[in-house]
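This is start_27.txt (compact mmCIF, C-alpha atoms).
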```
# COMPACT_ATOMS: atom_id res chain seq x y z
CA MET L 1 0.00 0.00 0.00
CA SER L 2 1.40 3.38 -0.91
CA LYS L 3 2.05 6.05 1.65
CA ASP L 4 -0.42 8.38 -0.12
CA ALA L 5 -3.27 5.96 0.60
CA ASP L 6 -2.96 6.77 4.31
CA VAL L 7 -2.61 10.55 3.91
CA ILE L 8 -5.86 12.52 4.19
CA VAL L 9 -6.58 15.73 2.29
CA LYS L 10 -9.51 17.98 3.20
CA LEU L 11 -11.52 19.64 0.46
CA LYS L 12 -14.03 22.41 1.15
CA SER L 13 -16.98 23.19 -1.10
CA SER L 14 -18.37 26.66 -1.78
CA ASP L 15 -21.18 25.97 0.70
CA ASP L 16 -18.62 25.15 3.44
CA LYS L 17 -19.01 21.36 3.41
CA GLU L 18 -15.72 19.62 4.16
CA PHE L 19 -14.71 16.25 2.76
CA GLU L 20 -11.76 14.15 3.86
CA VAL L 21 -10.29 12.02 1.08
CA ALA L 22 -7.17 9.97 0.52
CA LYS L 23 -4.38 11.99 -1.08
CA LYS L 24 -4.33 9.71 -4.14
CA VAL L 25 -8.06 10.40 -4.64
CA ALA L 26 -7.57 14.16 -4.31
CA GLU L 27 -4.65 14.06 -6.73
CA MET L 28 -6.84 12.84 -9.58
CA SER L 29 -7.52 16.56 -9.78
CA VAL L 30 -4.53 18.23 -11.44
CA THR L 31 -5.62 21.49 -9.78
CA VAL L 32 -5.53 19.97 -6.29
CA LYS L 33 -2.30 18.08 -7.04
CA ASN L 34 -0.62 21.31 -8.12
CA MET L 35 -1.92 23.16 -5.05
CA LEU L 36 -0.53 20.43 -2.79
CA SER L 37 2.92 20.62 -4.34
CA ASP L 38 3.05 24.40 -4.89
CA LEU L 39 1.97 25.24 -1.37
CA GLY L 40 4.23 22.71 0.35
CA TRP L 41 1.16 21.16 1.93
CA GLU L 42 1.48 19.22 5.16
CA GLU L 43 -1.06 16.67 6.39
CA ASN L 44 -3.71 17.99 8.81
CA GLU L 45 -3.62 21.48 7.37
CA GLU L 46 -6.78 23.45 6.62
CA ALA L 47 -9.14 22.27 3.92
CA PHE L 48 -8.52 23.38 0.34
CA PRO L 49 -11.34 25.68 -0.74
CA LEU L 50 -12.98 24.87 -4.06
CA PRO L 51 -14.97 28.00 -4.95
CA GLY L 52 -17.94 27.51 -7.19
CA ILE L 53 -18.31 23.80 -6.43
CA GLU L 54 -21.24 22.98 -4.16
CA GLY L 55 -21.07 20.15 -1.67
CA SER L 56 -23.48 17.89 -3.56
CA THR L 57 -21.37 18.24 -6.71
CA LEU L 58 -18.08 17.75 -4.87
CA GLU L 59 -19.51 14.62 -3.30
CA LYS L 60 -20.19 13.19 -6.80
CA VAL L 61 -16.70 14.21 -7.98
CA ILE L 62 -15.18 12.40 -5.00
CA GLU L 63 -17.33 9.32 -5.65
CA TYR L 64 -15.99 9.20 -9.23
CA CYS L 65 -12.37 9.77 -8.16
CA GLU L 66 -12.54 7.12 -5.43
CA LYS L 67 -13.68 4.58 -8.01
CA HIS L 68 -11.10 5.54 -10.64
CA CYS L 69 -8.03 6.60 -8.63
CA ASP L 70 -6.37 3.19 -9.03
CA ASP L 71 -7.07 2.94 -12.76
CA PRO L 72 -3.94 2.84 -14.90
CA ALA L 73 -3.40 6.10 -16.76
CA SER L 74 -4.01 4.37 -20.10
CA SER L 75 -7.50 3.22 -19.05
CA GLN L 76 -8.38 6.75 -17.91
CA GLN L 77 -8.16 7.91 -21.51
CA GLN L 78 -11.77 7.91 -22.68
CA SER L 79 -12.54 6.41 -26.06
CA GLN L 80 -13.18 9.01 -28.72
CA GLU L 81 -16.09 6.90 -29.95
CA LEU L 82 -19.51 8.17 -29.01
CA THR L 83 -20.69 5.04 -27.19
CA GLU L 84 -22.74 4.65 -24.04
CA PRO L 85 -20.65 4.32 -20.87
CA THR L 86 -20.63 0.94 -19.16
CA GLY L 87 -20.19 -0.45 -15.64
CA PHE L 88 -19.67 2.07 -12.85
CA ASP L 89 -19.66 5.04 -15.25
CA ALA L 90 -23.09 4.11 -16.63
CA GLU L 91 -24.48 3.72 -13.11
CA PHE L 92 -22.79 6.97 -12.01
CA LEU L 93 -24.62 8.96 -14.71
CA ARG L 94 -27.85 6.94 -14.88
CA ASP L 95 -30.31 9.16 -12.98
CA ILE L 96 -28.43 12.45 -13.04
CA ASP L 97 -30.48 15.52 -13.88
CA GLN L 98 -29.23 18.17 -16.33
CA THR L 99 -28.33 20.73 -13.68
CA SER L 100 -26.22 18.21 -11.77
CA LEU L 101 -24.61 17.02 -15.01
CA PHE L 102 -23.62 20.54 -16.01
CA ASN L 103 -22.35 21.26 -12.48
CA LEU L 104 -20.21 18.11 -12.75
CA ILE L 105 -18.82 19.32 -16.09
CA LEU L 106 -17.91 22.68 -14.54
CA ALA L 107 -16.34 21.01 -11.50
CA ALA L 108 -14.36 18.51 -13.60
CA ASN L 109 -13.11 21.38 -15.76
CA PHE L 110 -12.16 23.60 -12.80
CA MET L 111 -10.51 20.73 -10.92
CA ASP L 112 -8.88 19.46 -14.12
CA ILE L 113 -10.07 15.86 -13.92
CA LYS L 114 -9.90 14.91 -17.59
CA PRO L 115 -11.51 11.44 -17.41
CA LEU L 116 -14.54 12.88 -15.58
CA LEU L 117 -14.75 15.83 -17.96
CA ASP L 118 -14.61 13.47 -20.94
CA LEU L 119 -17.29 11.19 -19.45
CA THR L 120 -19.72 14.02 -18.66
CA CYS L 121 -19.21 15.76 -22.00
CA LYS L 122 -19.75 12.43 -23.77
CA LYS L 123 -23.07 12.12 -21.88
CA VAL L 124 -24.16 15.53 -23.22
CA ALA L 125 -23.04 14.56 -26.74
CA LEU L 126 -25.15 11.39 -26.51
CA MET L 127 -28.12 13.50 -25.41
CA ILE L 128 -27.72 15.56 -28.61
CA LYS L 129 -26.83 12.79 -31.06
CA GLY L 130 -29.43 12.23 -33.76
CA LYS L 131 -31.73 15.05 -32.66
CA SER L 132 -33.03 17.94 -34.70
CA VAL L 133 -32.36 21.53 -33.72
CA GLU L 134 -35.86 21.79 -32.27
CA GLU L 135 -35.43 18.60 -30.21
CA ILE L 136 -32.12 19.87 -28.84
CA ARG L 137 -33.76 23.16 -27.89
CA ASP L 138 -36.52 21.26 -26.09
CA THR L 139 -34.07 18.94 -24.32
CA PHE L 140 -31.93 21.78 -22.98
CA ASN L 141 -34.66 24.44 -22.67
CA ILE L 142 -32.94 26.74 -25.16
CA THR L 143 -34.95 29.69 -26.39
CA ASN L 144 -34.77 30.34 -30.12
CA ASP L 145 -33.75 33.97 -30.39
CA PHE L 146 -33.35 33.94 -34.18
CA THR L 147 -35.85 35.68 -36.38
CA PRO L 148 -37.32 33.43 -39.11
CA GLN L 149 -35.10 35.24 -41.64
CA GLU L 150 -31.94 34.69 -39.55
CA GLU L 151 -32.81 31.05 -39.05
CA GLU L 152 -33.31 30.53 -42.77
CA GLN L 153 -29.99 32.23 -43.52
CA VAL L 154 -28.17 29.92 -41.06
CA ARG L 155 -29.85 26.88 -42.65
CA ARG L 156 -28.77 28.02 -46.15
CA GLU L 157 -25.18 28.73 -45.05
CA ASN L 158 -24.96 25.33 -43.38
CA SER L 159 -26.99 23.25 -45.83
CA TRP L 160 -24.08 20.82 -46.10
CA LEU L 161 -24.94 19.63 -42.57
CA SER L 162 -28.34 18.32 -43.59
CA ASP L 163 -26.81 16.54 -46.60
CA ARG L 164 -24.92 14.17 -44.28
CA SER L 165 -26.45 10.81 -43.49
```

Mind converting the file's structure to C-alpha cells?
Amino acid sequence: MSKDADVIVKLKSSDDKEFEVAKKVAEMSVTVKNMLSDLGWEENEEAFPLPGIEGSTLEKVIEYCEKHCDDPASSQQQSQELTEPTGFDAEFLRDIDQTSLFNLILAANFMDIKPLLDLTCKKVALMIKGKSVEEIRDTFNITNDFTPQEEEQVRRENSWLSDRS
C-alpha cells in the first residue's frame, strides 16, 4: 500500500461542506495536485477551498475519483467513440439531472479531472446525437432567439450539414 493511501486531504466546497479524502483520490484533480505541491502542503492542514463547487457536486466528484483513482493512466483515456458508458460510469450517470450534469462538467473542468470531464461531456453529446435543432432546444430548454429570416440564412449557409447521413 502506498504512503499516499494513508494521507488525508480535506476539500471544502463553496457551501462550506468539508470532505476528507485519501491523497491519491484528491490528486486525480490536477488542480488539487498542483496546489498540494506548490503550497508545500502538510497533512492535517486546513481544507482546500474549491470555490464555485457545491457540496453535492463535490460529493459526486469524490465518488468518481474514489472509483477511478487506481485505474492505470491508459485506461483513464476515454474512447473518442460516441458510445454509451458501461459499468460504474453508466451507473454513475444513470439518474443524473441536467443541472447536476452541467455542475459536474464545470467542477471537472475547474478541478482538471480529464476522465470525468470526458465522461460528462460524452453524456451531453449522446443527449444531442441524432436530434433535430428543435429537439435539442426542447431537451436543454434553449430559447430560439433567431428571427425566421436569420434562421433561414443559417440553414442556407450550413446546408451541407443536412446533406450528411

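Rounded to one decimal, atom CA of Ser13 of chain L and atom CA of Phe88 of chain L lie 24.3 Å from each other.
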
Can you write out as a Markdown table which residues of segment 24-130 of chain L fall within 12 Å of segment 134-144 of chain L, alongside each residue's closest atom pair and its distance in Å to one decimal, counting all atoms listed in the file and ordering rows by chain and ascending residue number?
```
| residue | atom | partner | partner_atom | distance |
| --- | --- | --- | --- | --- |
| L:Asp97 | CA | L:Phe140 | CA | 11.1 |
| L:Gln98 | CA | L:Phe140 | CA | 8.0 |
| L:Thr99 | CA | L:Phe140 | CA | 10.0 |
| L:Leu101 | CA | L:Phe140 | CA | 11.8 |
| L:Phe102 | CA | L:Phe140 | CA | 10.9 |
| L:Val124 | CA | L:Phe140 | CA | 10.0 |
| L:Ala125 | CA | L:Ile136 | CA | 10.7 |
| L:Leu126 | CA | L:Ile136 | CA | 11.2 |
| L:Met127 | CA | L:Thr139 | CA | 8.1 |
| L:Ile128 | CA | L:Ile136 | CA | 6.2 |
| L:Lys129 | CA | L:Ile136 | CA | 9.1 |
| L:Gly130 | CA | L:Glu135 | CA | 9.4 |
```

Closest of L:Val154, L:Lys114, L:Phe92, L:Lys23 to Ser37 of chain L - atom-to-atom distances counting all atoms listed in the file: L:Lys23

Long-range neighbours of Glu63 of chain L as a PyMOL selection string, 12 Å cut-off, only C-alpha atoms, 6 positions minimum in chain: chain L and resi 19+21-22+25-26+28+56-57+69+88-89+91-93+104+116

Polymer residues at most 10 Å from Lys17 of chain L, all atoms listed in the file, same-chain spacing of 5 or more positions, as a PyMOL selection string: chain L and resi 11-12+47+49+54-56+58-59

Go ahead and save the picked residues with C-alpha atoms, as a compact mmCIF listing (two decimals), in the coordinates of the input.
```
# COMPACT_ATOMS: atom_id res chain seq x y z
CA LEU L 11 -11.52 19.64 0.46
CA LYS L 12 -14.03 22.41 1.15
CA ALA L 47 -9.14 22.27 3.92
CA PRO L 49 -11.34 25.68 -0.74
CA GLU L 54 -21.24 22.98 -4.16
CA GLY L 55 -21.07 20.15 -1.67
CA SER L 56 -23.48 17.89 -3.56
CA LEU L 58 -18.08 17.75 -4.87
CA GLU L 59 -19.51 14.62 -3.30
```

Coordinates-based distance that separates atom CA of Ile96 of chain L from atom CA of Val30 of chain L (Å, one decimal):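 Between atom CA of Val30 of chain L and atom CA of Ile96 of chain L the gap works out to 24.6 Å.
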
Distance criterion (all atoms listed in the file): nearest to Asp6 of chain L out of L:Asp112, L:Glu20, L:Glu45, L:Glu81: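 Smallest separation from Asp6 of chain L among the options: L:Glu20.
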